[in-house]
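S.K.: My file is entry-v3.txt. It has compact mmCIF, C-alpha atoms:
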# COMPACT_ATOMS: atom_id res chain seq x y z
CA MET A 6 96.09 109.40 71.47
CA LEU A 7 98.40 106.38 71.60
CA ALA A 8 99.66 105.39 75.02
CA PRO A 9 103.40 105.91 75.58
CA THR A 10 105.76 102.95 75.80
CA LEU A 11 107.23 104.12 79.11
CA SER A 12 106.09 106.44 81.88
CA VAL A 13 108.90 108.05 83.85
CA VAL A 14 107.91 109.07 87.39
CA ILE A 15 110.32 111.44 89.16
CA ILE A 16 109.87 112.39 92.80
CA GLY A 17 111.62 115.32 94.43
CA ARG A 18 111.65 118.22 96.80
CA ASN A 19 113.85 121.29 96.41
CA GLU A 20 116.24 119.44 94.09
CA GLY A 21 117.31 122.57 92.19
CA ALA A 22 119.97 121.86 89.56
CA ARG A 23 119.84 118.15 90.35
CA LEU A 24 116.29 117.97 88.97
CA THR A 25 117.39 119.80 85.82
CA ARG A 26 120.12 117.20 85.25
CA CYS A 27 117.61 114.41 85.77
CA LEU A 28 115.11 115.89 83.30
CA GLN A 29 117.84 116.50 80.74
CA SER A 30 119.00 112.90 80.92
CA ILE A 31 115.45 111.75 80.14
CA ALA A 32 115.01 114.27 77.32
CA GLU A 33 118.17 112.95 75.63
CA LEU A 34 116.80 109.40 75.35
CA GLN A 35 116.36 108.05 71.86
CA GLY A 36 112.69 107.60 71.04
CA ALA A 37 111.72 110.13 73.71
CA ALA A 38 108.45 110.77 71.85
CA GLN A 39 107.21 107.45 73.24
CA ILE A 40 107.98 108.49 76.81
CA GLU A 41 105.81 110.51 79.17
CA VAL A 42 107.41 112.26 82.12
CA ILE A 43 105.58 112.82 85.40
CA TYR A 44 107.19 114.88 88.14
CA VAL A 45 105.71 114.59 91.63
CA ASP A 46 106.73 117.43 93.91
CA SER A 47 106.61 117.28 97.71
CA ALA A 48 105.96 120.91 98.63
CA SER A 49 109.15 122.40 97.20
CA THR A 50 109.92 125.99 98.08
CA ASP A 51 112.11 126.43 95.01
CA ALA A 52 111.06 126.47 91.36
CA SER A 53 111.13 122.69 90.87
CA PRO A 54 107.54 122.38 89.52
CA GLU A 55 108.06 125.21 87.03
CA ASN A 56 111.41 123.72 86.04
CA ALA A 57 109.77 120.36 85.31
CA ARG A 58 107.09 121.98 83.14
CA THR A 59 109.78 123.47 80.89
CA TYR A 60 110.69 119.88 80.01
CA ASN A 61 107.06 119.09 79.16
CA ALA A 62 106.63 117.02 82.29
CA ARG A 63 103.23 116.55 83.84
CA VAL A 64 103.51 118.01 87.34
CA VAL A 65 101.70 116.67 90.38
CA VAL A 66 102.13 118.72 93.58
CA LEU A 67 101.45 116.92 96.84
CA SER A 68 99.88 118.83 99.69
CA GLY A 69 99.15 118.21 103.33
CA GLU A 70 101.17 116.47 106.01
CA GLY A 71 102.76 113.03 105.93
CA GLN A 72 104.51 113.46 102.60
CA THR A 73 106.66 110.42 101.92
CA ALA A 74 108.57 109.05 98.94
CA ALA A 75 106.02 106.23 98.79
CA ARG A 76 103.14 108.68 98.56
CA GLY A 77 104.91 110.56 95.77
CA ARG A 78 105.59 107.42 93.74
CA ASN A 79 101.98 106.28 94.15
CA ALA A 80 100.70 109.62 92.90
CA GLY A 81 102.96 109.30 89.89
CA TRP A 82 102.19 105.78 88.72
CA ARG A 83 98.45 106.21 89.28
CA CYS A 84 98.31 108.88 86.60
CA ALA A 85 100.77 107.10 84.29
CA ARG A 86 99.43 105.85 80.95
CA ALA A 87 102.13 103.34 79.97
CA GLU A 88 102.25 99.68 81.00
CA TYR A 89 105.84 100.12 82.19
CA VAL A 90 106.83 102.72 84.78
CA LEU A 91 110.37 103.90 85.44
CA PHE A 92 110.76 105.39 88.91
CA LEU A 93 113.57 107.88 89.50
CA ASP A 94 114.60 110.13 92.35
CA GLY A 95 115.07 113.77 91.42
CA ASP A 96 118.75 113.66 92.37
CA THR A 97 119.67 111.02 89.77
CA ILE A 98 120.89 111.03 86.17
CA LEU A 99 119.50 108.29 83.95
CA ASN A 100 121.84 106.16 81.84
CA PRO A 101 120.40 106.18 78.28
CA GLY A 102 120.91 102.45 77.77
CA PHE A 103 119.04 101.28 80.84
CA PRO A 104 115.35 101.75 79.90
CA GLY A 105 115.70 99.75 76.67
CA ALA A 106 117.56 96.92 78.40
CA ALA A 107 114.97 96.75 81.19
CA LEU A 108 111.97 96.84 78.84
CA LYS A 109 113.42 94.05 76.70
CA ILE A 110 113.61 91.80 79.76
CA LEU A 111 110.16 92.72 81.06
CA GLN A 112 108.59 92.06 77.67
CA SER A 113 110.26 88.65 77.42
CA ASP A 114 109.03 87.14 80.71
CA ALA A 115 105.67 87.89 82.38
CA ARG A 116 106.95 86.63 85.74
CA ILE A 117 109.46 89.48 85.96
CA VAL A 118 107.76 92.61 87.28
CA ALA A 119 110.68 94.78 88.34
CA VAL A 120 114.11 95.36 86.78
CA TRP A 121 116.88 97.51 88.20
CA GLY A 122 120.52 98.10 87.30
CA HIS A 123 123.60 99.71 88.80
CA ARG A 124 123.25 102.98 90.69
CA ARG A 125 126.52 104.75 91.49
CA GLU A 126 127.47 108.05 93.03
CA LEU A 127 127.96 111.04 90.72
CA HIS A 128 130.62 112.70 92.89
CA PRO A 129 132.43 110.16 95.10
CA GLU A 130 135.42 112.48 95.11
CA ARG A 131 133.60 115.22 97.05
CA SER A 132 133.79 113.53 100.44
CA ILE A 133 134.91 110.39 102.20
CA TYR A 134 131.25 109.74 102.98
CA ASN A 135 130.25 109.77 99.30
CA ARG A 136 133.19 107.54 98.45
CA VAL A 137 132.34 104.91 101.05
CA LEU A 138 128.55 105.02 100.64
CA ASP A 139 128.99 104.61 96.88
CA LEU A 140 129.98 100.99 97.57
CA ASP A 141 126.65 100.40 99.31
CA TRP A 142 124.98 100.62 95.90
CA ILE A 143 126.96 97.69 94.47
CA TYR A 144 125.11 94.37 94.31
CA LEU A 145 125.80 91.24 92.31
CA PRO A 146 123.41 90.81 89.34
CA GLY A 147 120.64 88.22 89.50
CA ILE A 148 117.27 87.60 91.12
CA THR A 149 116.89 89.75 94.24
CA ASP A 150 114.44 90.13 97.11
CA TYR A 151 113.92 93.83 96.56
CA PHE A 152 114.94 96.93 94.61
CA GLY A 153 115.73 100.56 95.37
CA GLY A 154 114.30 103.91 94.40
CA ASP A 155 115.28 103.57 90.73
CA VAL A 156 113.49 100.71 88.97
CA VAL A 157 111.31 99.83 85.99
CA MET A 158 108.07 98.08 86.98
CA ARG A 159 104.95 96.73 85.36
CA ARG A 160 102.04 99.05 86.09
CA SER A 161 99.74 96.03 86.33
CA ALA A 162 101.78 94.73 89.28
CA LEU A 163 101.44 98.09 91.00
CA VAL A 164 97.69 98.02 90.48
CA GLU A 165 97.50 94.46 91.82
CA THR A 166 99.45 95.24 95.01
CA GLY A 167 98.22 98.78 95.56
CA GLY A 168 101.73 100.14 95.08
CA TYR A 169 103.98 101.51 97.79
CA ASP A 170 102.89 101.75 101.41
CA PRO A 171 102.40 105.53 101.96
CA ASP A 172 102.76 105.21 105.74
CA LEU A 173 106.41 104.12 105.59
CA ILE A 174 108.91 106.95 105.90
CA ALA A 175 111.70 104.68 104.62
CA GLY A 176 112.09 101.14 103.33
CA GLU A 177 109.00 101.32 101.13
CA GLU A 178 110.76 99.66 98.18
CA PRO A 179 111.81 96.44 99.99
CA GLU A 180 108.35 96.23 101.57
CA LEU A 181 106.71 96.35 98.14
CA GLY A 182 109.25 93.82 96.89
CA ARG A 183 108.15 91.44 99.62
CA ARG A 184 104.51 91.68 98.53
CA LEU A 185 105.46 91.11 94.90
CA ARG A 186 107.49 88.01 95.75
CA ALA A 187 104.60 86.68 97.82
CA ARG A 188 102.58 86.64 94.59
CA GLY A 189 105.22 84.62 92.79
CA TYR A 190 106.72 87.50 90.84
CA VAL A 191 110.43 87.94 90.14
CA ILE A 192 112.65 90.99 90.75
CA LEU A 193 115.79 91.11 88.60
CA HIS A 194 119.00 93.10 89.05
CA ILE A 195 120.81 93.38 85.71
CA ASP A 196 124.48 94.09 85.02
CA THR A 197 123.74 97.43 83.32
CA PRO A 198 124.47 101.01 84.41
CA MET A 199 121.18 102.58 85.50
CA THR A 200 121.64 105.92 87.24
CA LEU A 201 124.17 108.28 88.76
CA HIS A 202 123.04 109.52 92.16
CA ASP A 203 123.94 112.79 93.87
CA LEU A 204 124.00 111.70 97.52
CA ASN A 205 125.86 114.87 98.51
CA VAL A 206 126.78 113.71 102.01
CA THR A 207 129.71 115.94 102.97
CA ARG A 208 129.27 116.24 106.75
CA PHE A 209 129.27 113.75 109.59
CA ARG A 210 125.78 114.81 110.69
CA GLN A 211 124.42 113.91 107.26
CA TYR A 212 126.18 110.55 107.37
CA TRP A 213 124.75 109.91 110.85
CA LEU A 214 121.16 110.77 109.82
CA HIS A 215 121.49 108.63 106.70
CA ALA A 216 122.21 105.61 108.91
CA VAL A 217 119.54 106.58 111.47
CA ARG A 218 116.99 106.55 108.65
CA ALA A 219 118.10 103.05 107.65
CA GLY A 220 117.79 101.86 111.24
CA TYR A 221 114.27 103.23 111.51
CA ALA A 222 113.29 101.37 108.32
CA TYR A 223 114.79 98.10 109.54
CA ALA A 224 112.94 98.35 112.83
CA GLU A 225 109.57 99.34 111.40
CA ILE A 226 109.46 96.71 108.66
CA SER A 227 110.84 93.91 110.82
CA HIS A 228 108.23 94.72 113.48
CA ARG A 229 105.43 94.68 110.91
CA PHE A 230 106.30 91.21 109.63
CA SER A 231 107.89 89.64 112.71
CA ARG A 232 105.03 87.18 113.26
CA THR A 233 104.49 86.19 109.63
CA ALA A 234 105.78 83.27 107.58
CA ASP A 235 108.19 85.67 105.89
CA PRO A 236 109.62 87.75 108.78
CA MET A 237 111.39 90.29 106.62
CA TRP A 238 114.48 91.87 108.22
CA ARG A 239 113.67 90.40 111.65
CA GLU A 240 117.07 88.75 111.95
CA GLU A 241 118.91 91.74 110.45
CA SER A 242 117.14 94.09 112.85
CA ARG A 243 118.00 91.91 115.83
CA LYS A 244 121.66 91.76 114.79
CA ASN A 245 121.75 95.53 114.31
CA MET A 246 120.46 96.06 117.85
CA VAL A 247 123.02 93.65 119.30
CA ARG A 248 125.94 95.06 117.34
CA GLY A 249 125.01 98.68 117.97
CA THR A 250 124.69 98.04 121.70
CA ALA A 251 127.96 96.12 121.75
CA TRP A 252 129.94 98.86 120.01
CA ILE A 253 128.57 101.52 122.35
CA VAL A 254 129.24 99.46 125.47
CA TRP A 255 132.70 98.41 124.33
CA LEU A 256 133.61 102.00 123.49
CA CYS A 257 132.43 103.28 126.87
CA LEU A 258 134.33 100.52 128.66
CA GLY A 259 137.42 101.20 126.58
CA VAL A 260 137.35 104.92 127.39
CA ALA A 261 136.73 104.19 131.08
CA MET A 262 139.55 101.66 131.22
CA ALA A 263 141.89 104.04 129.40
CA ALA A 264 141.92 106.17 132.55
CA PHE A 265 143.68 103.30 134.33
CA ARG A 266 145.08 101.12 131.57
CA SER A 267 146.09 102.52 128.20
CA TRP A 268 145.36 99.21 126.53
CA GLY A 269 141.62 99.59 127.12
CA ILE A 270 140.96 101.83 124.14
CA LEU A 271 143.66 100.06 122.14
CA ALA A 272 141.79 96.79 122.59
CA TRP A 273 138.62 98.42 121.21
CA ILE A 274 140.54 99.73 118.20
CA ALA A 275 142.12 96.32 117.64
CA VAL A 276 138.72 94.60 117.61
CA LEU A 277 137.36 97.20 115.20
CA ALA A 278 140.40 96.82 112.94
CA GLY A 279 140.14 93.04 112.85
CA LEU A 280 136.43 93.00 112.05
CA SER A 281 136.82 95.79 109.49
CA LEU A 282 139.56 93.92 107.64
CA ARG A 283 137.36 90.83 107.51
CA SER A 284 134.47 92.85 106.12
CA ALA A 285 136.77 94.53 103.59
CA TRP A 286 137.91 91.13 102.35
CA ARG A 287 134.33 89.93 101.95
CA ALA A 288 133.40 93.08 100.02
CA ARG A 289 136.46 93.03 97.75
CA TYR A 290 134.29 92.50 94.66
CA LYS A 291 132.87 96.01 95.21
CA ALA A 292 136.19 97.77 94.56
CA PRO A 293 138.86 95.37 93.21
CA GLY A 294 142.37 96.51 94.01
CA ARG A 295 141.31 99.57 96.04
CA LYS A 296 142.55 98.34 99.40
CA LEU A 297 142.32 101.59 101.37
CA LEU A 298 138.76 102.25 100.19
CA LEU A 299 137.76 98.70 101.11
CA VAL A 300 139.23 99.13 104.60
CA LEU A 301 137.28 102.37 105.04
CA TYR A 302 134.17 100.55 103.84
CA GLY A 303 134.83 97.81 106.37
CA ILE A 304 135.06 100.38 109.18
CA HIS A 305 131.85 102.00 107.94
CA SER A 306 130.00 98.67 107.87
CA HIS A 307 130.63 98.24 111.61
CA LEU A 308 130.53 101.75 113.04
CA GLN A 309 127.31 102.60 111.17
CA GLN A 310 125.65 100.09 113.50
CA ILE A 311 125.69 102.80 116.18
CA PRO A 312 123.46 105.34 114.35
CA VAL A 313 121.40 102.43 112.95
CA PHE A 314 120.82 101.41 116.58
CA PHE A 315 119.58 104.91 117.41
CA GLY A 316 117.28 104.81 114.39
CA GLN A 317 115.73 101.62 115.74
CA LEU A 318 115.30 103.25 119.14
CA GLN A 319 113.56 106.17 117.43
CA PHE A 320 111.05 103.75 115.90
CA LEU A 321 110.44 102.07 119.26
CA ARG A 322 109.79 105.48 120.86
CA SER A 323 107.40 106.42 118.05
CA ARG A 324 105.50 103.15 118.37
CA ARG A 325 105.24 103.51 122.14
CA SER A 326 103.93 107.06 121.84
CA GLY A 327 101.54 106.12 119.04
CA LYS A 328 102.85 108.92 116.84
CA GLN A 329 104.28 108.44 113.36
CA ALA A 330 107.77 109.92 113.01
CA GLY A 331 108.39 112.54 110.37
CA ILE A 332 110.69 112.03 107.42
CA ILE A 333 114.32 111.78 108.52
CA GLU A 334 116.11 114.27 106.27
CA TYR A 335 119.85 113.90 105.78
CA LYS A 336 120.17 116.36 102.90
CA GLY A 337 120.01 120.10 103.27
CA GLU A 338 118.44 122.72 101.05
CA THR A 339 119.99 122.94 97.60
CA ASP A 340 121.41 125.93 95.82
CA ALA A 341 119.33 126.20 92.66
CA SER A 342 122.29 127.11 90.46
CA THR A 343 124.90 124.66 91.66
CA GLY A 344 122.99 121.75 93.14
CA VAL A 345 125.24 121.86 96.21
CA SER A 346 123.78 121.50 99.67
CA ALA A 347 123.46 124.76 101.52
CA THR A 348 123.01 123.27 104.97
CA PRO A 349 125.31 125.04 107.46
Show me, as structure tokens, the structure contained in the file I just sent.

M.R.:
Amino acid sequence: MLAPTLSVVIIGRNEGARLTRCLQSIAELQGAAQIEVIYVDSASTDASPENARTYNARVVVLSGEGQTAARGRNAGWRCARAEYVLFLDGDTILNPGFPGAALKILQSDARIVAVWGHRRELHPERSIYNRVLDLDWIYLPGITDYFGGDVVMRRSALVETGGYDPDLIAGEEPELGRRLRARGYVILHIDTPMTLHDLNVTRFRQYWLHAVRAGYAYAEISHRFSRTADPMWREESRKNMVRGTAWIVWLCLGVAMAAFRSWGILAWIAVLAGLSLRSAWRARYKAPGRKLLLVLYGIHSHLQQIPVFFGQLQFLRSRRSGKQAGIIEYKGETDASTGVSATP
């Protein structure tokens, strides 16, 4: 049997209709006969594995504790037969033009081992959180230090590095990117639509946990490499701690002063407004002409430092106790027919 040109590895857990959309987008690719699909399931309680089999996907079901995205991706690429592996999350929809564009680049330059494109939100209109977080996916094309969950990689590079670190509950992609760059390889972000993502953050609690998860990843990875020649995220982690502390302290002082002087809380709002406008101006390439959205994004970029701060504290507590934290879930269970979160 001839090896396929591309192995598509999808990871998921209780994705419901989102997984169906993902599988359909792969099935509609031209030349799909040269593609193998591998679905790695992390103990779903819905019919996700059976759903994947109806699309002729090879299904790998993970068992035991400590299930992480990294562990799922490793299980997928290790049973892949193609030289190139496309990783997807189960809540994404693949753009049909991306795999061909990525493979063409990978086949033209052996130094390039990972290619990723533009990921955008499928339903930014559903909530202010989706709309703002959609802008977080926008990066300028070119050589980058890391990639996200959706990417095409050389399988040989995964074999050489051992793949993703299964012990990381978040941030496993940038950590792998660091090890690839240390070997002289190149990661390339191309100006091509790649996937639509169903973030489905419609409640403040979800938004908060999403940022807490990011803070945990910053803290864990920066701690791991803090004493190396390439101290990844050390400076970003330090700034996050300072900014998160500052916003909390300033807010508490502003509220306390408001009891005696009304300008106390107004001063806090004025500082936030000024910094947010500056951030909105710097991020104007993300949403040209959409001034209100950019202002909201500017506010988000500063106030998210508070839950990021708590995520870093969570890592410090876990390290002190010697216990690995569990996966920080920000999505709820999914209705199998609609794909909409059913979290109360």

S.K.: Taking a cut-off of 9 Å and counting only C-alpha atoms, can you build a table that, for each residue of region 175-290 of chain A near region 144-153 of chain A, reports the nearest atom pair and how far apart they are in Å (one decimal), sorted by chain then residue number, as a tab-separated table?

M.R.:
residue	atom	partner	partner_atom	distance
A:Gly176	CA	A:Gly153	CA	8.8
A:Glu177	CA	A:Gly153	CA	8.9
A:Glu178	CA	A:Gly153	CA	5.8
A:Pro179	CA	A:Tyr151	CA	4.8
A:Glu180	CA	A:Tyr151	CA	7.9
A:Leu181	CA	A:Tyr151	CA	7.8
A:Gly182	CA	A:Tyr151	CA	4.7
A:Arg183	CA	A:Asp150	CA	6.9
A:Arg186	CA	A:Asp150	CA	7.4
A:Val191	CA	A:Ile148	CA	6.9
A:Ile192	CA	A:Thr149	CA	5.6
A:Leu193	CA	A:Ile148	CA	4.6
A:His194	CA	A:Pro146	CA	5.0
A:Ile195	CA	A:Pro146	CA	5.2
A:Asp196	CA	A:Pro146	CA	5.5
A:Thr197	CA	A:Pro146	CA	9.0
A:Tyr290	CA	A:Leu145	CA	8.9

S.K.: When distances are computed from only C-alpha atoms, which of A:Leu301, A:Ile274, A:Ala62, A:Leu308 shows the smallest separation from Arg289 (chain A)?

M.R.: A:Leu301

S.K.: Just want the 12 Å neighbourhood of Gly102 (chain A), counted on only C-alpha atoms, with same-chain residues fewer than 5 positions away dropped. Output as a ChimeraX atom specification.

M.R.: /A:30-31,33-36,107-109,122-123,196-200

S.K.: Just how far from CA of Gly303 (chain A) is CA of Trp255 (chain A), in Å to one decimal?

M.R.: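 Calculated distance between CA of Trp255 (chain A) and CA of Gly303 (chain A) is 18.1 Å.
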
S.K.: Can you tell me which residues surround Cys84 (chain A) at a distance of at most 12 Å, considering all atoms listed in the file, apart from same-chain residues fewer than 6 positions away, and format the answer as a PyMOL selection string?

M.R.: chain A and resi 12-14+41-45+63-65+77-78+90+160+164

S.K.: Any chance you could export the current selection's C-alpha atoms as a CSV table (one decimal), keeping the file's coordinate frame?

M.R.:
chain,number,residue,atom,x,y,z
A,12,SER,CA,106.1,106.4,81.9
A,13,VAL,CA,108.9,108.0,83.8
A,14,VAL,CA,107.9,109.1,87.4
A,41,GLU,CA,105.8,110.5,79.2
A,42,VAL,CA,107.4,112.3,82.1
A,43,ILE,CA,105.6,112.8,85.4
A,44,TYR,CA,107.2,114.9,88.1
A,45,VAL,CA,105.7,114.6,91.6
A,63,ARG,CA,103.2,116.6,83.8
A,64,VAL,CA,103.5,118.0,87.3
A,65,VAL,CA,101.7,116.7,90.4
A,77,GLY,CA,104.9,110.6,95.8
A,78,ARG,CA,105.6,107.4,93.7
A,90,VAL,CA,106.8,102.7,84.8
A,160,ARG,CA,102.0,99.0,86.1
A,164,VAL,CA,97.7,98.0,90.5

S.K.: Between A:Lys336, A:Arg83, A:Arg322, A:His202, which one has atoms that come closest to Asp139 (chain A), using all atoms listed in the file?

M.R.: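 When distances to Asp139 (chain A) are compared using all atoms listed in the file, the smallest one comes from A:His202.
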
S.K.: Could you check which of A:Leu138, A:Ile15, A:Ala8, A:Leu24 is closest to Leu93 (chain A), using all atoms listed in the file?

M.R.: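 Among A:Leu138, A:Ile15, A:Ala8, A:Leu24, it is A:Ile15 that comes nearest to Leu93 (chain A).
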
S.K.: For a test of reading the model, state the distance in Å between CA of Gly17 (chain A) and CA of Ile110 (chain A), rounded to one decimal.

M.R.: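 So the answer is 27.8 Å.
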
S.K.: Using all atoms listed in the file, can you tell me which of A:Gln309, A:Thr166, A:Thr97, A:Ser281 comes closest to Phe209 (chain A)?

M.R.: A:Gln309

S.K.: In Å, how far is it from CA of Gly154 (chain A) to CA of Ser242 (chain A)?

M.R.: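 CA of Gly154 (chain A) sits 21.1 Å away from CA of Ser242 (chain A).
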
S.K.: Can you work out which one of A:Arg229, A:Asp170, A:Ala187, A:Val120 has the shortest atom-to-atom distance to Met158 (chain A), counting all atoms listed in the file?

M.R.: A:Val120

S.K.: Need to verify the contact set: Glu88 (chain A), 7 Å, only C-alpha atoms, exclusion of same-chain residues closer than 4 positions in sequence. Can you return it as a list in words?

M.R.: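 Here the qualifying residues turn out to be Leu11, Arg159, Arg160 and Ser161 of chain A.
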
S.K.: Counting all atoms listed in the file, which residue out of A:Lys291, A:Lys296, A:His307, A:Arg23 sits closest to Leu277 (chain A)?

M.R.: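 With all atoms listed in the file as the atom set, the closest residue is A:His307.
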
S.K.: For region 311-315 of chain A, find every residue with an atom within 10 Å (counting only C-alpha atoms), except residues of its own chain fewer than 3 positions away, and show them as a ChimeraX atom specification.

M.R.: /A:212-224,242-253,307-308,318-321
